[in-house]
$ cat work_4.cif   # mmCIF, C-alpha atoms
data_model
loop_
_atom_site.label_atom_id
_atom_site.label_comp_id
_atom_site.auth_asym_id
_atom_site.auth_seq_id
_atom_site.Cartn_x
_atom_site.Cartn_y
_atom_site.Cartn_z
CA MET L 1 5.25 -54.57 -130.20
CA ILE L 2 6.01 -51.20 -128.52
CA ILE L 3 8.00 -48.60 -130.45
CA SER L 4 8.69 -45.17 -128.85
CA GLY L 5 5.82 -45.68 -126.44
CA LYS L 6 3.33 -46.36 -129.23
CA THR L 7 1.66 -49.61 -130.20
CA ASP L 8 2.46 -50.79 -133.71
CA VAL L 9 -0.07 -53.29 -135.06
CA PHE L 10 1.32 -55.74 -137.59
CA ASP L 11 -0.06 -58.71 -139.53
CA ARG L 12 1.05 -62.34 -139.48
CA SER L 13 3.73 -61.68 -142.11
CA GLY L 14 5.33 -59.08 -139.85
CA TYR L 15 5.11 -61.46 -136.92
CA LEU L 16 6.93 -64.17 -138.90
CA THR L 17 9.62 -61.69 -139.92
CA ILE L 18 10.26 -60.76 -136.28
CA GLN L 19 10.18 -64.41 -135.31
CA ARG L 20 12.88 -65.19 -137.88
CA MET L 21 14.97 -62.27 -136.56
CA ILE L 22 14.72 -63.67 -133.04
CA GLU L 23 15.64 -67.15 -134.27
CA ASN L 24 18.67 -65.76 -136.09
CA GLU L 25 19.77 -63.92 -132.94
CA ASP L 26 19.40 -67.14 -130.95
CA GLU L 27 21.47 -68.97 -133.55
CA MET L 28 24.19 -66.33 -133.38
CA LYS L 29 24.29 -66.77 -129.59
CA MET L 30 25.02 -70.47 -129.97
CA THR L 31 28.55 -71.40 -129.12
CA SER L 32 30.91 -70.98 -132.02
CA GLU L 33 34.28 -71.33 -130.38
CA GLU L 34 36.49 -73.86 -132.13
CA GLY L 35 36.29 -77.25 -130.48
CA LYS L 36 33.37 -76.40 -128.20
CA SER L 37 30.58 -77.23 -130.65
CA SER L 38 30.16 -80.55 -132.38
CA LEU L 39 30.54 -80.99 -136.12
CA SER L 40 26.83 -81.82 -136.46
CA LEU L 41 25.90 -78.60 -134.62
CA ARG L 42 28.18 -76.48 -136.80
CA LEU L 43 26.83 -78.18 -139.94
CA GLN L 44 23.26 -77.57 -138.82
CA LYS L 45 24.04 -73.93 -138.12
CA TYR L 46 25.75 -73.44 -141.46
CA MET L 47 22.87 -75.05 -143.39
CA LYS L 48 20.35 -72.75 -141.72
CA LEU L 49 22.32 -69.53 -142.10
CA ALA L 50 23.37 -70.26 -145.70
CA GLY L 51 19.90 -71.45 -146.73
CA VAL L 52 21.22 -74.87 -147.73
CA ASP L 53 18.44 -76.59 -145.78
CA SER L 54 15.79 -74.83 -147.89
CA ILE L 55 17.60 -75.74 -151.11
CA LEU L 56 17.74 -79.39 -150.06
CA GLU L 57 14.03 -79.34 -149.23
CA ILE L 58 13.25 -78.05 -152.72
CA VAL L 59 15.51 -80.69 -154.29
CA ASN L 60 13.79 -83.33 -152.17
CA TYR L 61 10.42 -82.07 -153.39
CA VAL L 62 11.47 -82.34 -157.05
CA MET L 63 13.01 -85.79 -156.55
CA SER L 64 9.89 -87.04 -154.78
CA VAL L 65 7.66 -85.88 -157.63
CA ILE L 66 9.92 -87.56 -160.19
CA PHE L 67 10.12 -90.74 -158.11
CA THR L 68 6.33 -90.93 -157.85
CA SER L 69 5.86 -90.11 -161.54
CA LEU L 70 8.16 -92.98 -162.48
CA TYR L 71 5.90 -95.35 -160.55
CA ALA L 72 2.93 -94.19 -162.64
CA ILE L 73 4.95 -94.70 -165.84
CA ASP L 74 5.98 -98.19 -164.69
CA THR L 75 2.31 -99.22 -164.48
CA TYR L 76 2.04 -99.00 -168.28
CA GLN L 77 5.02 -101.16 -169.14
CA GLU L 78 7.99 -102.95 -167.62
CA PRO L 79 10.58 -100.28 -166.77
CA SER L 80 13.73 -100.27 -168.84
CA ALA L 81 17.20 -100.67 -167.35
CA THR L 82 17.72 -96.91 -167.62
CA VAL L 83 14.53 -96.14 -165.71
CA LYS L 84 15.40 -98.70 -163.04
CA SER L 85 18.85 -97.16 -162.62
CA LEU L 86 17.33 -93.69 -162.30
CA GLU L 87 14.84 -94.88 -159.69
CA ILE L 88 17.55 -96.61 -157.66
CA SER L 89 19.75 -93.51 -157.82
CA ILE L 90 16.91 -91.33 -156.53
CA ALA L 91 16.20 -93.86 -153.76
CA PHE L 92 19.81 -93.71 -152.60
CA TYR L 93 19.61 -89.91 -152.66
CA PHE L 94 16.65 -90.16 -150.28
CA LEU L 95 18.70 -92.41 -148.00
CA ALA L 96 21.57 -89.92 -148.03
CA ASP L 97 19.16 -87.08 -147.25
CA TYR L 98 17.70 -89.11 -144.38
CA PHE L 99 21.08 -89.84 -142.80
CA LEU L 100 22.16 -86.21 -143.19
CA ASN L 101 19.06 -84.97 -141.37
CA LEU L 102 19.48 -87.67 -138.75
CA TYR L 103 23.09 -86.60 -138.17
CA ILE L 104 22.33 -82.90 -137.72
CA SER L 105 19.12 -83.37 -135.71
CA ASP L 106 19.12 -82.26 -132.08
CA ASN L 107 17.21 -85.34 -130.94
CA LYS L 108 18.08 -88.31 -133.11
CA ILE L 109 15.61 -90.68 -131.51
CA LEU L 110 12.78 -88.20 -131.96
CA PHE L 111 13.80 -87.65 -135.58
CA ALA L 112 13.96 -91.40 -136.27
CA PHE L 113 10.29 -91.68 -135.31
CA SER L 114 9.13 -88.47 -136.97
CA THR L 115 6.53 -88.45 -139.73
CA TYR L 116 9.02 -87.60 -142.46
CA ALA L 117 11.38 -90.37 -141.34
CA ILE L 118 8.54 -92.89 -141.39
CA VAL L 119 7.70 -91.83 -144.95
CA ASP L 120 11.33 -92.55 -145.83
CA TYR L 121 11.09 -96.02 -144.31
CA ILE L 122 7.85 -97.05 -146.02
CA SER L 123 8.66 -95.59 -149.44
CA VAL L 124 12.36 -96.24 -149.97
CA ILE L 125 13.17 -99.54 -148.21
CA PRO L 126 10.30 -101.56 -149.78
CA PHE L 127 11.19 -100.14 -153.19
CA LEU L 128 14.82 -101.24 -152.89
CA LEU L 129 13.73 -104.72 -151.77
CA VAL L 130 11.71 -105.05 -154.97
CA ARG L 131 14.35 -103.59 -157.27
CA PHE L 132 17.04 -105.90 -155.88
CA GLU L 133 14.61 -108.83 -156.19
CA ALA L 134 14.57 -109.66 -152.49
CA VAL L 135 10.82 -110.32 -152.82
CA SER L 136 8.64 -111.49 -155.68
CA GLY L 137 5.03 -112.26 -156.61
CA THR L 138 2.16 -110.53 -154.86
CA TRP L 139 4.42 -109.16 -152.13
CA ALA L 140 6.54 -107.48 -154.78
CA GLU L 141 3.45 -105.71 -156.15
CA ILE L 142 2.41 -104.58 -152.68
CA LEU L 143 5.87 -103.31 -151.74
CA ASN L 144 6.31 -101.68 -155.12
CA PHE L 145 3.14 -99.69 -154.45
CA CYS L 146 4.96 -98.11 -151.48
CA GLN L 147 6.95 -96.12 -154.03
CA VAL L 148 3.97 -93.85 -154.62
CA LEU L 149 3.81 -93.08 -150.88
CA ARG L 150 6.95 -91.00 -151.42
CA TYR L 151 4.63 -88.26 -152.63
CA LEU L 152 3.74 -87.61 -148.98
CA SER L 153 7.27 -86.29 -148.53
CA THR L 154 6.50 -83.36 -150.84
CA TYR L 155 4.70 -81.78 -147.89
CA ARG L 156 8.15 -80.81 -146.61
CA LEU L 157 7.96 -77.87 -149.02
CA ASN L 158 5.52 -76.39 -146.51
CA ARG L 159 8.44 -75.78 -144.16
CA VAL L 160 10.27 -73.74 -146.80
CA LEU L 161 7.18 -71.60 -147.44
CA ALA L 162 6.74 -71.09 -143.70
CA LYS L 163 10.36 -70.03 -143.29
CA LYS L 164 9.94 -67.49 -146.10
CA GLY L 165 6.76 -66.12 -144.51
CA MET L 166 4.67 -66.96 -147.61
CA GLU L 167 1.41 -67.62 -145.76
CA VAL L 168 -0.93 -67.37 -148.74
CA ALA L 169 1.29 -69.69 -150.79
CA ARG L 170 1.35 -72.10 -147.83
CA GLN L 171 -2.44 -72.31 -147.71
CA TYR L 172 -2.69 -72.85 -151.47
CA PHE L 173 -0.01 -75.51 -151.22
CA LYS L 174 -1.85 -77.33 -148.42
CA VAL L 175 -5.05 -77.47 -150.48
CA SER L 176 -3.28 -78.65 -153.63
CA PHE L 177 -1.26 -81.21 -151.67
CA THR L 178 -4.36 -82.66 -150.00
CA ILE L 179 -6.17 -83.06 -153.31
CA SER L 180 -3.22 -84.38 -155.31
CA ALA L 181 -1.95 -86.76 -152.62
CA THR L 182 -5.42 -88.23 -152.01
CA LEU L 183 -6.09 -88.66 -155.73
CA LEU L 184 -2.69 -90.13 -156.51
CA ILE L 185 -2.33 -92.58 -153.62
CA PHE L 186 -5.88 -93.90 -153.68
CA ALA L 187 -5.89 -94.11 -157.49
CA CYS L 188 -2.75 -96.26 -157.45
CA ALA L 189 -4.06 -98.44 -154.61
CA PHE L 190 -7.42 -98.81 -156.35
CA GLN L 191 -5.71 -99.78 -159.60
CA MET L 192 -3.62 -102.46 -157.89
CA VAL L 193 -6.52 -104.05 -156.00
CA GLU L 194 -9.00 -103.96 -158.87
CA ASN L 195 -6.49 -105.32 -161.39
CA TRP L 196 -5.81 -108.27 -159.10
CA GLU L 197 -9.48 -109.22 -159.29
CA ILE L 198 -9.65 -108.58 -163.04
CA SER L 199 -6.61 -110.83 -163.55
CA ASN L 200 -8.29 -113.57 -161.52
CA GLN L 201 -11.45 -113.24 -163.60
CA ASN L 202 -9.40 -113.39 -166.81
CA ARG L 203 -7.77 -116.63 -165.62
CA ARG L 204 -11.21 -118.11 -165.03
CA ILE L 205 -12.30 -116.94 -168.49
CA ASP L 206 -9.24 -118.58 -170.06
CA GLU L 207 -9.97 -121.81 -168.20
CA ALA L 208 -13.59 -121.75 -169.37
CA ASN L 209 -12.52 -121.13 -172.97
CA GLU L 210 -10.05 -124.00 -172.81
CA GLU L 211 -12.69 -126.35 -171.39
CA ALA L 212 -15.07 -125.41 -174.21
CA ARG L 213 -12.29 -126.03 -176.71
CA GLN L 214 -11.52 -129.48 -175.26
CA GLU L 215 -15.21 -130.41 -175.29
CA ALA L 216 -15.46 -129.42 -178.94
CA ILE L 217 -12.44 -131.59 -179.78
CA ALA L 218 -13.98 -134.53 -177.88
CA LYS L 219 -17.15 -134.17 -179.95
CA ASN L 220 -15.11 -134.03 -183.18
CA GLU L 221 -16.15 -130.45 -183.71
CA ASP L 222 -13.96 -127.66 -185.02
CA PRO L 223 -12.70 -125.78 -181.91
CA ASN L 224 -11.89 -122.77 -184.09
CA SER L 225 -15.57 -122.31 -184.79
CA LEU L 226 -16.16 -121.43 -181.14
CA GLU L 227 -16.33 -117.81 -180.17
CA PRO L 228 -14.21 -117.44 -177.00
CA THR L 229 -15.31 -115.20 -174.18
CA PRO L 230 -13.20 -112.02 -174.36
CA GLU L 231 -10.98 -111.09 -171.46
CA LEU L 232 -11.59 -108.03 -169.33
CA SER L 233 -9.33 -105.02 -169.77
CA LEU L 234 -7.02 -104.04 -166.94
CA HIS L 235 -7.38 -100.54 -165.51
CA GLN L 236 -4.75 -98.02 -166.56
CA PHE L 237 -3.32 -95.31 -164.33
CA HIS L 238 -5.07 -92.48 -166.19
CA ASP L 239 -8.37 -94.38 -165.90
CA MET L 240 -7.98 -94.44 -162.13
CA ILE L 241 -7.16 -90.73 -161.90
CA TYR L 242 -10.25 -90.02 -164.01
CA PHE L 243 -12.36 -92.28 -161.78
CA MET L 244 -11.14 -90.58 -158.59
CA VAL L 245 -11.78 -87.09 -159.98
CA VAL L 246 -15.29 -88.09 -161.05
CA THR L 247 -15.89 -89.66 -157.63
CA ILE L 248 -14.79 -86.77 -155.41
CA SER L 249 -16.55 -84.25 -157.64
CA VAL L 250 -19.76 -86.23 -157.05
CA VAL L 251 -20.39 -86.50 -160.78
CA GLY L 252 -20.43 -90.31 -160.87
CA TYR L 253 -20.75 -91.22 -164.55
CA GLY L 254 -20.70 -94.93 -163.67
CA ASP L 255 -18.46 -95.98 -166.58
CA ILE L 256 -15.90 -97.23 -164.03
CA SER L 257 -16.96 -98.80 -160.76
CA PRO L 258 -15.25 -100.94 -158.10
CA ILE L 259 -15.77 -104.70 -158.30
CA THR L 260 -14.11 -105.60 -154.99
CA ASP L 261 -15.03 -104.81 -151.41
CA ILE L 262 -11.59 -103.34 -150.80
CA GLY L 263 -12.03 -101.10 -153.84
CA ARG L 264 -15.38 -99.85 -152.53
CA PHE L 265 -13.81 -99.17 -149.14
CA MET L 266 -11.06 -97.14 -150.82
CA VAL L 267 -13.65 -95.02 -152.61
CA VAL L 268 -15.40 -94.32 -149.30
CA MET L 269 -12.08 -93.41 -147.65
CA THR L 270 -11.17 -91.09 -150.52
CA VAL L 271 -14.40 -89.13 -150.24
CA PHE L 272 -14.16 -89.11 -146.43
CA MET L 273 -10.63 -87.69 -146.44
CA ILE L 274 -11.47 -84.98 -148.97
CA LEU L 275 -14.59 -83.92 -147.08
CA SER L 276 -12.73 -83.99 -143.76
CA LEU L 277 -9.64 -82.01 -144.72
CA LEU L 278 -10.59 -79.55 -147.44
CA PRO L 279 -13.26 -77.47 -145.63
CA LYS L 280 -10.82 -76.49 -142.86
CA GLN L 281 -8.09 -75.71 -145.37
CA TYR L 282 -10.43 -73.59 -147.50
CA GLU L 283 -11.45 -71.72 -144.34
CA ASP L 284 -7.80 -71.01 -143.51
CA LEU L 285 -7.19 -69.88 -147.08
CA HIS L 286 -9.96 -67.28 -147.03
CA ARG L 287 -9.00 -65.79 -143.69
#
$ encode --input "work_4.cif" --output "structure tokens"
Amino acid sequence: MIISGKTDVFDRSGYLTIQRMIENEDEMKMTSEEGKSSLSLRLQKYMKLAGVDSILEIVNYVMSVIFTSLYAIDTYQEPSATVKSLEISIAFYFLADYFLNLYISDNKILFAFSTYAIVDYISVIPFLLVRFEAVSGTWAEILNFCQVLRYLSTYRLNRVLAKKGMEVARQYFKVSFTISATLLIFACAFQMVENWEISNQNRRIDEANEEARQEAIAKNEDPNSLEPTPELSLHQFHDMIYFMVVTISVVGYGDISPITDIGRFMVVMTVFMILSLLPKQYEDLHR
């Protein structure tokens, strides 16, 4: 930047400030004559100038965290009617937010295939199919897991921090998002897969106990004198978070370990993602 024939050196924050000034000037140059600009263009312009887009991003962030937290709560017990209603209301809010952004986008086809739009598809639609009982059984469990994928949408807060020029906060946010998203998503997936196998083992245990009981009756023995094989305990959500933290910290107490091949693969993928993403983010943070 040249001022009065002298070179003024500025940091990245100053660069972002100038960039925002240029963007605002470009926005002011957009056509504003009545009838010459479309409603979607005027709405987009108003949301940017009034800061409504940033407010909606923050609301979306909060809603996504609540939506994901409700999934974790649902793993402990069957959700009540109130909780189900709250979840459905939040899901419809996400749909409204999606259609609003689609309407004001410059390239609707490009937006429809964007990363954030895909997160909407895979987290909201499967959830609504489950809540309205369009699917059941194992498929319902799989589609219900998609609810936790909504947490990926919280990365949209990065755009707000970038717009405000908060570079240090952005780097801290990226690191915290990478850790929390990896822990949360893989913990929930690990819990689902491992509990399937534990449930299958418990069914086999129940069948074996019943066979032993029938044999005792056939031999005129007291079936109540038999000591049944106890069932295995299902993993809880907090157990899985603990397991993932212990795993990525390379502590490895061994009190919880995967019993399925898919579970072992998930552990490998968790460690791989953390080791692949965090070093670069830590490097950016310390620059």
$ resolve_selection --input "work_4.cif" --expression "the PyMOL selection byres ((chain L and resi 238) around 10)" --output "PyMOL selection string"
chain L and resi 72+76+187-188+191+235-237+239-244
$ atom_distance --input "work_4.cif" --atom1 "atom CA of L:Pro258" --atom2 "atom CA of L:Thr182"
17.2 Å
$ atom_distance --input "work_4.cif" --atom1 "atom CA of L:Tyr71" --atom2 "atom CA of L:Ile259"
23.7 Å
$ residues_around --input "work_4.cif" --residues "L:Leu161" --least-positions-apart "2" --cutoff "12 Å" --atoms "only C-alpha atoms" --output "PyMOL selection string"
chain L and resi 13+16+54-55+57-58+155-159+163-174
$ atom_distance --input "work_4.cif" --atom1 "atom CA of L:Leu56" --atom2 "atom CA of L:Tyr103"
14.9 Å
$ decode --input "work_4.cif" --residues "stretch 214-283 of chain L" --atoms "C-alpha atoms" --output "PDB file, in the first residue's frame"
ATOM      1  CA  GLN L 214     -34.253 -76.616  29.697  1.00  0.00           C
ATOM      2  CA  GLU L 215     -31.634 -79.333  30.177  1.00  0.00           C
ATOM      3  CA  ALA L 216     -31.919 -78.980  33.936  1.00  0.00           C
ATOM      4  CA  ILE L 217     -35.707 -79.318  33.726  1.00  0.00           C
ATOM      5  CA  ALA L 218     -35.347 -82.427  31.530  1.00  0.00           C
ATOM      6  CA  LYS L 219     -33.078 -83.986  34.159  1.00  0.00           C
ATOM      7  CA  ASN L 220     -35.570 -83.117  36.923  1.00  0.00           C
ATOM      8  CA  GLU L 221     -33.102 -80.681  38.410  1.00  0.00           C
ATOM      9  CA  ASP L 222     -33.924 -77.306  39.885  1.00  0.00           C
ATOM     10  CA  PRO L 223     -33.243 -74.744  37.092  1.00  0.00           C
ATOM     11  CA  ASN L 224     -33.037 -71.986  39.705  1.00  0.00           C
ATOM     12  CA  SER L 225     -29.925 -73.590  41.134  1.00  0.00           C
ATOM     13  CA  LEU L 226     -28.045 -72.802  37.927  1.00  0.00           C
ATOM     14  CA  GLU L 227     -25.892 -69.733  37.829  1.00  0.00           C
ATOM     15  CA  PRO L 228     -26.638 -67.997  34.494  1.00  0.00           C
ATOM     16  CA  THR L 229     -23.882 -66.397  32.471  1.00  0.00           C
ATOM     17  CA  PRO L 230     -24.153 -62.624  32.978  1.00  0.00           C
ATOM     18  CA  GLU L 231     -24.789 -60.385  30.000  1.00  0.00           C
ATOM     19  CA  LEU L 232     -22.231 -57.910  28.743  1.00  0.00           C
ATOM     20  CA  SER L 233     -22.768 -54.220  29.429  1.00  0.00           C
ATOM     21  CA  LEU L 234     -23.472 -51.901  26.524  1.00  0.00           C
ATOM     22  CA  HIS L 235     -21.101 -48.989  25.980  1.00  0.00           C
ATOM     23  CA  GLN L 236     -22.350 -45.582  27.082  1.00  0.00           C
ATOM     24  CA  PHE L 237     -21.641 -42.324  25.284  1.00  0.00           C
ATOM     25  CA  HIS L 238     -19.305 -41.022  28.003  1.00  0.00           C
ATOM     26  CA  ASP L 239     -17.389 -44.327  27.889  1.00  0.00           C
ATOM     27  CA  MET L 240     -16.747 -43.810  24.185  1.00  0.00           C
ATOM     28  CA  ILE L 241     -15.569 -40.217  24.640  1.00  0.00           C
ATOM     29  CA  TYR L 242     -13.213 -41.433  27.365  1.00  0.00           C
ATOM     30  CA  PHE L 243     -11.958 -44.231  25.102  1.00  0.00           C
ATOM     31  CA  MET L 244     -11.306 -41.851  22.205  1.00  0.00           C
ATOM     32  CA  VAL L 245      -9.447 -39.363  24.422  1.00  0.00           C
ATOM     33  CA  VAL L 246      -7.290 -42.150  25.845  1.00  0.00           C
ATOM     34  CA  THR L 247      -6.648 -43.455  22.322  1.00  0.00           C
ATOM     35  CA  ILE L 248      -5.568 -40.219  20.638  1.00  0.00           C
ATOM     36  CA  SER L 249      -3.473 -39.223  23.648  1.00  0.00           C
ATOM     37  CA  VAL L 250      -1.601 -42.523  23.207  1.00  0.00           C
ATOM     38  CA  VAL L 251      -2.200 -43.441  26.841  1.00  0.00           C
ATOM     39  CA  GLY L 252      -4.033 -46.697  26.095  1.00  0.00           C
ATOM     40  CA  TYR L 253      -5.180 -48.000  29.481  1.00  0.00           C
ATOM     41  CA  GLY L 254      -6.791 -51.023  27.805  1.00  0.00           C
ATOM     42  CA  ASP L 255      -9.934 -51.030  29.980  1.00  0.00           C
ATOM     43  CA  ILE L 256     -12.004 -50.496  26.804  1.00  0.00           C
ATOM     44  CA  SER L 257     -11.008 -52.060  23.510  1.00  0.00           C
ATOM     45  CA  PRO L 258     -12.766 -52.719  20.182  1.00  0.00           C
ATOM     46  CA  ILE L 259     -14.211 -56.192  19.640  1.00  0.00           C
ATOM     47  CA  THR L 260     -15.156 -55.764  15.968  1.00  0.00           C
ATOM     48  CA  ASP L 261     -13.051 -55.228  12.867  1.00  0.00           C
ATOM     49  CA  ILE L 262     -15.050 -52.121  12.005  1.00  0.00           C
ATOM     50  CA  GLY L 263     -14.400 -50.756  15.484  1.00  0.00           C
ATOM     51  CA  ARG L 264     -10.657 -51.322  15.096  1.00  0.00           C
ATOM     52  CA  PHE L 265     -10.737 -49.592  11.722  1.00  0.00           C
ATOM     53  CA  MET L 266     -12.486 -46.598  13.290  1.00  0.00           C
ATOM     54  CA  VAL L 267      -9.775 -46.335  15.930  1.00  0.00           C
ATOM     55  CA  VAL L 268      -7.102 -46.331  13.219  1.00  0.00           C
ATOM     56  CA  MET L 269      -8.994 -43.663  11.251  1.00  0.00           C
ATOM     57  CA  THR L 270      -9.391 -41.505  14.360  1.00  0.00           C
ATOM     58  CA  VAL L 271      -5.671 -41.511  15.088  1.00  0.00           C
ATOM     59  CA  PHE L 272      -4.855 -40.989  11.394  1.00  0.00           C
ATOM     60  CA  MET L 273      -7.112 -37.939  11.096  1.00  0.00           C
ATOM     61  CA  ILE L 274      -5.770 -36.337  14.266  1.00  0.00           C
ATOM     62  CA  LEU L 275      -2.153 -36.887  13.236  1.00  0.00           C
ATOM     63  CA  SER L 276      -2.860 -35.647   9.706  1.00  0.00           C
ATOM     64  CA  LEU L 277      -4.729 -32.446  10.518  1.00  0.00           C
ATOM     65  CA  LEU L 278      -3.466 -31.124  13.843  1.00  0.00           C
ATOM     66  CA  PRO L 279       0.247 -30.585  13.038  1.00  0.00           C
ATOM     67  CA  LYS L 280      -0.573 -28.208  10.158  1.00  0.00           C
ATOM     68  CA  GLN L 281      -3.142 -26.362  12.261  1.00  0.00           C
ATOM     69  CA  TYR L 282      -0.730 -26.005  15.180  1.00  0.00           C
ATOM     70  CA  GLU L 283       1.866 -24.652  12.746  1.00  0.00           C
TER      71      GLU L 283
END
